[in-house]
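Enquirer: My structure is below; once you've seen it, I'll send some questions.
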Amino acid sequence: MRDNLDREWERILNRLLSVECVVNEEKEPIPTVMRFTADAKRRLYEWQHENAALCDNEMSDNVVSFFCKLEIYVLRFCLILRIVRWAVSDGEPSPSVIDDKDVAGAIELAEYFRGNALSVLTCISEEKLNELHRTVYEHLTEEFSTADGIRIAERFGMKDHTFKMFLTRNLNTLFRRIRQGWYKKLSCYSANKVTTDEQD
């Protein structure tokens, strides 16, 4: 590591700690309003519309719940990144606006956490399967059509409407729709990019 790294880190922390907390007569903090630039606002709105569409098309309540939380997280990430960028800069005045670069970084972070959340939900969903659902799930090929899935399910005594419900309720956790009537099976191992060989 560079010799001056600890001094640089100290400078950054001191700059963050030096930000004045303005209070009112009751000693309550007065918020500082930071507005978005036009480009930043446009990028944020585009992402919010995409996230809302994902929520509208999602069947899993757990997935929808997390996707909705991302709406708040992305705004917090914008603030954090803006303040951090200010803290590491030299001579930049106190930040007053959130720009396009801050929003782009915040979206990247939100999508990173979306991917991780889906991986965790896949593992949880896999663990909660009952014996019949687990048997059918394990015998499905990595990619399959609805008709193929129904045939496999029927071999183990699962009715076609039960299989369809199983498929629908576990979209984006145990299954991903590739196209109409065609699905990819997800697993805890594949969701986390780990092979069974690596686990042994």
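Labels for the structure tokens follow display order: chains A, B, ..., residues from 1 in each chain, ligands from 1.
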Taking 5 positions as the minimum chain separation for residues in the same chain, which residues sit within 10 Å of region 98-112 of chain A when counting only C-alpha atoms? Answer as a VMD selection string.
Expert: chain A and resid 34 to 44 47 to 48 67 69 to 85 117
Enquirer: Which residues of region 76-151 of chain A have any atom within 7 Å of an atom in region 184-189 of chain A when counting only C-alpha atoms, and what is the closest pair of atoms for each, with the distance in Å to one decimal? Order the rows by chain and rising number and write it as a tab-separated table.
Expert:
```
residue	atom	partner	partner_atom	distance
A:Ser119	CA	A:Cys188	CA	6.8
A:Thr122	CA	A:Cys188	CA	5.7
A:Cys123	CA	A:Cys188	CA	4.5
A:Glu142	CA	A:Lys185	CA	5.1
A:Glu143	CA	A:Lys184	CA	4.4
A:Phe144	CA	A:Lys184	CA	6.5
```
Enquirer: What would the file look like if the residues just selected were written as a PDB file, in the first residue's frame with C-alpha atoms?
Expert:
```pdb
ATOM      1  CA  SER A 119     -29.776 -15.615  -5.177  1.00  0.00           C
ATOM      2  CA  THR A 122     -33.547 -18.997  -4.592  1.00  0.00           C
ATOM      3  CA  CYS A 123     -31.674 -20.789  -1.810  1.00  0.00           C
ATOM      4  CA  GLU A 142     -31.993 -27.274 -16.753  1.00  0.00           C
ATOM      5  CA  GLU A 143     -34.293 -25.843 -19.437  1.00  0.00           C
ATOM      6  CA  PHE A 144     -37.761 -27.191 -20.086  1.00  0.00           C
TER       7      PHE A 144
END
```
Enquirer: Give me every alpha helix (DSSP H) residue in region 49-194 of chain A, going by DSSP on the backbone, as JSON, numbers by chain.
Expert: {"A": [49, 50, 51, 52, 53, 54, 55, 56, 61, 62, 63, 64, 65, 66, 67, 68, 69, 70, 71, 72, 73, 74, 75, 76, 77, 78, 79, 80, 81, 82, 83, 84, 85, 86, 87, 88, 100, 101, 102, 103, 104, 105, 106, 107, 108, 109, 110, 111, 112, 113, 114, 115, 116, 117, 118, 119, 120, 121, 122, 123, 124, 125, 126, 127, 131, 132, 133, 134, 135, 136, 137, 138, 139, 146, 147, 148, 149, 150, 151, 152, 153, 154, 155, 160, 161, 162, 163, 164, 165, 166, 167, 168, 169, 188, 189, 190, 191]}
Enquirer: What does the file look like for those residues with C-alpha atoms, as a short mmCIF file (atom, residue, chain, number, x, y, z; two decimals), in the first residue's frame?
Expert:
```cif
data_model
loop_
_atom_site.label_atom_id
_atom_site.label_comp_id
_atom_site.auth_asym_id
_atom_site.auth_seq_id
_atom_site.Cartn_x
_atom_site.Cartn_y
_atom_site.Cartn_z
CA HIS A 49 -40.24 2.82 -14.21
CA GLU A 50 -38.25 -0.34 -15.01
CA ASN A 51 -38.31 -1.39 -11.36
CA ALA A 52 -42.07 -0.75 -11.14
CA ALA A 53 -42.60 -2.92 -14.25
CA LEU A 54 -40.62 -5.74 -12.63
CA CYS A 55 -42.82 -5.45 -9.52
CA ASP A 56 -46.01 -5.50 -11.62
CA ASP A 61 -44.51 -11.47 -2.64
CA ASN A 62 -40.99 -11.78 -1.21
CA VAL A 63 -39.41 -10.64 -4.46
CA VAL A 64 -41.88 -7.76 -4.87
CA SER A 65 -41.20 -6.66 -1.30
CA PHE A 66 -37.47 -6.43 -1.92
CA PHE A 67 -37.86 -4.73 -5.31
CA CYS A 68 -40.05 -2.08 -3.65
CA LYS A 69 -37.36 -1.47 -1.01
CA LEU A 70 -34.85 -0.81 -3.78
CA GLU A 71 -36.82 2.39 -4.57
CA ILE A 72 -35.66 3.82 -1.22
CA TYR A 73 -32.21 2.23 -1.30
CA VAL A 74 -31.33 3.80 -4.66
CA LEU A 75 -32.05 7.30 -3.28
CA ARG A 76 -29.86 6.63 -0.25
CA PHE A 77 -27.09 5.32 -2.51
CA CYS A 78 -27.31 8.58 -4.51
CA LEU A 79 -26.71 10.62 -1.34
CA ILE A 80 -23.91 8.37 -0.10
CA LEU A 81 -22.07 8.42 -3.42
CA ARG A 82 -22.46 12.20 -3.76
CA ILE A 83 -21.05 12.85 -0.29
CA VAL A 84 -18.22 10.35 -0.78
CA ARG A 85 -17.27 11.92 -4.12
CA TRP A 86 -17.22 15.31 -2.43
CA ALA A 87 -15.11 13.99 0.47
CA VAL A 88 -12.38 12.60 -1.80
CA ASP A 100 -25.95 11.81 -13.38
CA LYS A 101 -22.77 10.05 -12.24
CA ASP A 102 -24.15 9.66 -8.71
CA VAL A 103 -27.41 8.18 -10.00
CA ALA A 104 -25.60 5.81 -12.39
CA GLY A 105 -23.49 4.51 -9.51
CA ALA A 106 -26.53 4.18 -7.25
CA ILE A 107 -28.37 2.15 -9.89
CA GLU A 108 -25.36 -0.11 -10.32
CA LEU A 109 -25.32 -0.75 -6.56
CA ALA A 110 -29.08 -1.38 -6.50
CA GLU A 111 -28.80 -3.93 -9.32
CA TYR A 112 -25.92 -5.64 -7.51
CA PHE A 113 -28.09 -6.05 -4.41
CA ARG A 114 -31.06 -7.15 -6.55
CA GLY A 115 -28.97 -9.99 -7.97
CA ASN A 116 -27.76 -11.03 -4.53
CA ALA A 117 -31.27 -10.90 -3.06
CA LEU A 118 -32.61 -13.14 -5.83
CA SER A 119 -29.78 -15.61 -5.18
CA VAL A 120 -30.66 -15.73 -1.48
CA LEU A 121 -34.38 -16.13 -2.22
CA THR A 122 -33.55 -19.00 -4.59
CA CYS A 123 -31.67 -20.79 -1.81
CA ILE A 124 -34.48 -20.18 0.69
CA SER A 125 -37.16 -21.37 -1.76
CA GLU A 126 -35.17 -24.50 -2.52
CA GLU A 127 -34.78 -25.29 1.19
CA GLU A 131 -40.77 -33.86 -0.68
CA LEU A 132 -42.99 -33.98 -3.78
CA HIS A 133 -42.02 -30.52 -5.03
CA ARG A 134 -38.33 -31.25 -4.40
CA THR A 135 -38.53 -34.54 -6.31
CA VAL A 136 -40.18 -32.88 -9.31
CA TYR A 137 -37.77 -29.94 -9.15
CA GLU A 138 -34.72 -32.21 -9.09
CA HIS A 139 -35.95 -34.22 -12.09
CA THR A 146 -44.32 -26.26 -19.66
CA ALA A 147 -45.45 -29.48 -21.37
CA ASP A 148 -42.19 -31.27 -20.48
CA GLY A 149 -42.52 -30.10 -16.88
CA ILE A 150 -46.10 -31.37 -16.66
CA ARG A 151 -45.03 -34.79 -18.00
CA ILE A 152 -42.24 -35.03 -15.40
CA ALA A 153 -44.56 -33.87 -12.60
CA GLU A 154 -47.21 -36.45 -13.56
CA ARG A 155 -44.61 -39.25 -13.22
CA ASP A 160 -50.81 -30.45 -14.12
CA HIS A 161 -52.54 -27.46 -12.47
CA THR A 162 -50.46 -28.05 -9.30
CA PHE A 163 -47.28 -28.01 -11.37
CA LYS A 164 -48.33 -24.81 -13.15
CA MET A 165 -49.02 -23.17 -9.79
CA PHE A 166 -45.63 -24.39 -8.51
CA LEU A 167 -43.98 -22.86 -11.58
CA THR A 168 -45.82 -19.54 -11.35
CA ARG A 169 -45.31 -19.05 -7.63
CA CYS A 188 -28.92 -22.38 -4.99
CA TYR A 189 -25.67 -23.50 -6.62
CA SER A 190 -26.28 -21.89 -10.01
CA ALA A 191 -27.70 -18.69 -8.45
#
```
Enquirer: Hey, what does DSSP flag as strand (DSSP E or B) within region 77-195 of chain A? Can you give it to me as a list of chain:residue names?
Expert: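 Taking region 77-195 of chain A and keeping strand (DSSP E or B) only, one gets A:Val97, A:Ile98, A:Glu143, A:Phe144, A:Ser145, A:Leu171, A:Phe175, A:Arg176, A:Arg177, A:Ile178, A:Arg179, A:Trp182, A:Tyr183, A:Lys184, A:Lys185.
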Enquirer: When you draw a straight line from CA of Leu171 (chain A) to CA of Glu46 (chain A), how long is it in Å?
Expert: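 Between these atoms lies a distance of 24.0 Å.
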Enquirer: How far is it from CA of Glu25 (chain A) to CA of Leu13 (chain A), in Å with one decimal?
Expert: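 Interatomic distance, CA of Glu25 (chain A) to CA of Leu13 (chain A): 28.5 Å.
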Enquirer: May I ask which of the residues A:Asp6, A:Glu58, A:Phe156, A:Val97 is the closest one to Arg176 (chain A), counting only C-alpha atoms?
Expert: A:Glu58
Enquirer: Figure out the distance between CA of Trp9 (chain A) and CA of Ile30 (chain A), please, to one decimal in Å.
Expert: 28.1 Å
